[in-house]
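Colleague: Before anything else, here's the structure in question.
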Amino acid sequence: MFIRFVINRLDPDSGRRQGILQASRELRDDGLLLPEEQEVCDEVFTWLFDNLDRPDTFSRSRKSHAAKVALSWFKSTAREHIARMHVLARVLEAHGLQVDVIEERRPGYIVHEDEYQVVAEPFQETCT
């Protein structure tokens, strides 16, 4: 099982619902976070940066200008990573954003995989 945290705003690159990492960065960049919320987000981002590989591709295409339509999903075994995402979700919910947790068995065509996550271009029937 694979898990993804999203809000009800479309991502301009993928055309799918926006993930909460991007949504929290936008709140930060727009100066909408309280200092304590900023601290929580910074802690989560730092932990993820230290404990999660950064995928080198978000597309099945090898072309450098290919659309980045692949989405990141946590493996259900990435319990600590998922727990951190729930912390981040609470910050977004405090700002009136509804966070949905999607569980999917077939996230799509996998373009990156490591111990904790997959990055996949969704199948047409994939819930995103």
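Simple scheme: letters A, B, ... for chains in structure tokens order, numbers from 1 for residues in each chain, numbers from 1 for ligands in the order shown.
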A:Arg54: which residues within 12 Å, counting only C-alpha atoms, same-chain residues fewer than 6 positions away excluded, as an NGL selection string?

Modeller: :A and (48 or 72 or 112-119)

Colleague: Can you write out the residues you just picked, keeping C-alpha atoms, as a JSON list (two decimals), in the first residue's frame?

Modeller:
```
[["chain", "number", "residue", "atom", "x", "y", "z"],
["A", 48, "LEU", "CA", 12.60, 14.61, 5.82],
["A", 72, "SER", "CA", 5.50, 10.96, -4.55],
["A", 112, "HIS", "CA", 11.88, 6.13, -8.62],
["A", 113, "GLU", "CA", 11.82, 3.78, -5.65],
["A", 114, "ASP", "CA", 13.74, 3.62, -2.41],
["A", 115, "GLU", "CA", 13.21, 2.15, 1.04],
["A", 116, "TYR", "CA", 10.50, 4.63, 2.04],
["A", 117, "GLN", "CA", 8.83, 5.95, -1.09],
["A", 118, "VAL", "CA", 7.97, 5.58, -4.73],
["A", 119, "VAL", "CA", 7.56, 8.29, -7.34]]
```

Colleague: As a ChimeraX atom specification, please: every residue in stretch 18-92 of chain A that a backbone DSSP assignment puts in alpha helix (DSSP H).

Modeller: /A:20-29,35-51,79-92

Colleague: With C-alpha atoms kept, could you save the residues just selected as an mmCIF file, in the first residue's frame?

Modeller:
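Below is the file selection_10.cif, written as the result:
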```
data_model
loop_
_atom_site.group_PDB
_atom_site.id
_atom_site.type_symbol
_atom_site.label_atom_id
_atom_site.label_comp_id
_atom_site.auth_asym_id
_atom_site.auth_seq_id
_atom_site.Cartn_x
_atom_site.Cartn_y
_atom_site.Cartn_z
ATOM 1 C CA ILE A 20 1.072 18.922 1.496
ATOM 2 C CA LEU A 21 4.814 19.550 1.281
ATOM 3 C CA GLN A 22 4.271 22.014 -1.538
ATOM 4 C CA ALA A 23 1.192 23.484 0.142
ATOM 5 C CA SER A 24 3.077 24.107 3.395
ATOM 6 C CA ARG A 25 5.955 25.747 1.494
ATOM 7 C CA GLU A 26 3.452 28.089 -0.152
ATOM 8 C CA LEU A 27 1.999 29.063 3.239
ATOM 9 C CA ARG A 28 5.530 29.750 4.469
ATOM 10 C CA ASP A 29 6.536 31.718 1.369
ATOM 11 C CA PRO A 35 6.268 31.509 14.285
ATOM 12 C CA GLU A 36 5.489 28.250 16.094
ATOM 13 C CA GLU A 37 3.949 26.790 12.915
ATOM 14 C CA GLN A 38 7.020 27.839 10.960
ATOM 15 C CA GLU A 39 9.171 26.040 13.519
ATOM 16 C CA VAL A 40 7.094 22.855 13.203
ATOM 17 C CA CYS A 41 7.301 22.964 9.398
ATOM 18 C CA ASP A 42 11.043 23.609 9.491
ATOM 19 C CA GLU A 43 11.551 20.640 11.821
ATOM 20 C CA VAL A 44 9.528 18.330 9.561
ATOM 21 C CA PHE A 45 11.310 19.510 6.409
ATOM 22 C CA THR A 46 14.736 19.143 8.024
ATOM 23 C CA TRP A 47 13.905 15.646 9.236
ATOM 24 C CA LEU A 48 12.597 14.608 5.818
ATOM 25 C CA PHE A 49 15.642 16.109 4.082
ATOM 26 C CA ASP A 50 17.893 14.061 6.374
ATOM 27 C CA ASN A 51 15.850 10.843 6.200
ATOM 28 C CA ARG A 79 5.848 4.823 9.634
ATOM 29 C CA GLU A 80 8.044 7.636 10.989
ATOM 30 C CA HIS A 81 7.840 9.554 7.708
ATOM 31 C CA ILE A 82 4.060 9.214 7.691
ATOM 32 C CA ALA A 83 3.867 10.344 11.327
ATOM 33 C CA ARG A 84 5.787 13.513 10.384
ATOM 34 C CA MET A 85 3.366 14.153 7.541
ATOM 35 C CA HIS A 86 0.446 13.996 9.989
ATOM 36 C CA VAL A 87 2.180 16.725 12.021
ATOM 37 C CA LEU A 88 2.465 18.855 8.882
ATOM 38 C CA ALA A 89 -1.167 18.123 8.015
ATOM 39 C CA ARG A 90 -2.297 19.610 11.335
ATOM 40 C CA VAL A 91 -0.578 22.900 10.444
ATOM 41 C CA LEU A 92 -2.394 23.064 7.109
#
```

Colleague: Please run DSSP on the backbone and report, as a PyMOL selection string, all residues within chain A that come out as strand (DSSP E).

Modeller: chain A and resi 2-10+17-19+71-75+100-104+109-113+117-121

Colleague: Would you export the selected residues with N, CA and C atoms as a CSV table (one decimal), in the first residue's frame, please?

Modeller:
```
chain,number,residue,atom,x,y,z
A,2,PHE,N,0.5,2.3,-0.7
A,2,PHE,CA,1.2,3.5,-0.8
A,2,PHE,C,0.3,4.6,-0.3
A,3,ILE,N,0.9,5.7,0.3
A,3,ILE,CA,0.1,6.7,1.0
A,3,ILE,C,0.6,8.1,0.5
A,4,ARG,N,-0.4,9.0,0.2
A,4,ARG,CA,-0.1,10.3,-0.3
A,4,ARG,C,-1.0,11.3,0.5
A,5,PHE,N,-0.4,12.4,0.9
A,5,PHE,CA,-1.2,13.5,1.6
A,5,PHE,C,-1.4,14.6,0.6
A,6,VAL,N,-2.7,15.0,0.5
A,6,VAL,CA,-3.0,16.0,-0.5
A,6,VAL,C,-4.0,17.0,0.0
A,7,ILE,N,-4.1,18.2,-0.6
A,7,ILE,CA,-5.2,19.1,-0.4
A,7,ILE,C,-6.0,19.2,-1.6
A,8,ASN,N,-7.1,20.0,-1.6
A,8,ASN,CA,-8.0,20.1,-2.7
A,8,ASN,C,-7.7,21.3,-3.6
A,9,ARG,N,-6.4,21.4,-3.9
A,9,ARG,CA,-5.9,22.4,-4.9
A,9,ARG,C,-5.1,21.7,-5.9
A,10,LEU,N,-5.3,22.0,-7.2
A,10,LEU,CA,-4.5,21.4,-8.2
A,10,LEU,C,-3.1,21.9,-8.3
A,17,ARG,N,-4.1,16.8,-7.5
A,17,ARG,CA,-4.2,17.5,-6.2
A,17,ARG,C,-2.8,17.7,-5.6
A,18,GLN,N,-2.6,18.9,-5.1
A,18,GLN,CA,-1.3,19.3,-4.6
A,18,GLN,C,-1.0,18.5,-3.3
A,19,GLY,N,0.3,18.1,-3.2
A,19,GLY,CA,0.8,17.5,-2.0
A,19,GLY,C,1.0,18.5,-0.9
A,71,LEU,N,4.1,11.6,-9.1
A,71,LEU,CA,3.8,12.0,-7.8
A,71,LEU,C,4.5,11.1,-6.8
A,72,SER,N,4.8,11.7,-5.6
A,72,SER,CA,5.5,11.0,-4.6
A,72,SER,C,4.5,10.3,-3.6
A,73,TRP,N,4.8,9.0,-3.3
A,73,TRP,CA,3.9,8.2,-2.4
A,73,TRP,C,4.8,7.6,-1.3
A,74,PHE,N,4.4,7.6,-0.1
A,74,PHE,CA,5.1,6.9,0.9
A,74,PHE,C,4.7,5.4,0.9
A,75,LYS,N,5.7,4.5,1.2
A,75,LYS,CA,5.3,3.1,1.4
A,75,LYS,C,4.7,3.1,2.8
A,100,ASP,N,-6.4,15.4,2.8
A,100,ASP,CA,-6.9,14.0,2.6
A,100,ASP,C,-5.7,13.1,2.5
A,101,VAL,N,-5.8,11.9,3.1
A,101,VAL,CA,-4.8,10.9,3.0
A,101,VAL,C,-5.3,9.8,2.1
A,102,ILE,N,-4.6,9.6,1.0
A,102,ILE,CA,-5.0,8.7,-0.1
A,102,ILE,C,-4.2,7.4,0.1
A,103,GLU,N,-4.8,6.3,0.1
A,103,GLU,CA,-4.2,5.0,0.1
A,103,GLU,C,-4.4,4.3,-1.3
A,104,GLU,N,-3.3,3.8,-1.9
A,104,GLU,CA,-3.4,3.3,-3.3
A,104,GLU,C,-2.5,2.1,-3.4
A,109,TYR,N,3.1,4.2,-13.0
A,109,TYR,CA,4.4,3.8,-13.5
A,109,TYR,C,5.5,4.3,-12.6
A,110,ILE,N,6.2,3.4,-12.0
A,110,ILE,CA,7.2,3.9,-11.0
A,110,ILE,C,8.4,4.3,-11.7
A,111,VAL,N,8.9,5.6,-11.4
A,111,VAL,CA,10.1,6.2,-12.0
A,111,VAL,C,11.2,6.3,-11.0
A,112,HIS,N,10.9,6.1,-9.7
A,112,HIS,CA,11.9,6.1,-8.6
A,112,HIS,C,11.3,5.3,-7.5
A,113,GLU,N,12.2,4.5,-6.8
A,113,GLU,CA,11.8,3.8,-5.7
A,113,GLU,C,13.0,3.7,-4.7
A,117,GLN,N,9.8,5.3,-0.2
A,117,GLN,CA,8.8,6.0,-1.1
A,117,GLN,C,8.9,5.4,-2.5
A,118,VAL,N,7.9,5.7,-3.3
A,118,VAL,CA,8.0,5.6,-4.7
A,118,VAL,C,7.5,6.9,-5.3
A,119,VAL,N,8.0,7.2,-6.5
A,119,VAL,CA,7.6,8.3,-7.3
A,119,VAL,C,7.0,7.6,-8.6
A,120,ALA,N,5.8,8.0,-8.9
A,120,ALA,CA,5.1,7.3,-10.0
A,120,ALA,C,4.2,8.2,-10.8
A,121,GLU,N,4.3,8.0,-12.2
A,121,GLU,CA,3.3,8.7,-13.0
A,121,GLU,C,2.0,7.9,-12.9
```

Colleague: How many Å separate atom CA of A:Glu93 from atom CA of A:Leu33?

Modeller: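 Interatomic distance, atom CA of A:Glu93 to atom CA of A:Leu33: 11.9 Å.
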
Colleague: Please measure the separation of atom CA of A:Ser14 and atom CA of A:Val99, giving the value in Å to one decimal.

Modeller: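 Going from atom CA of A:Ser14 over to atom CA of A:Val99, I get 18.1 Å.
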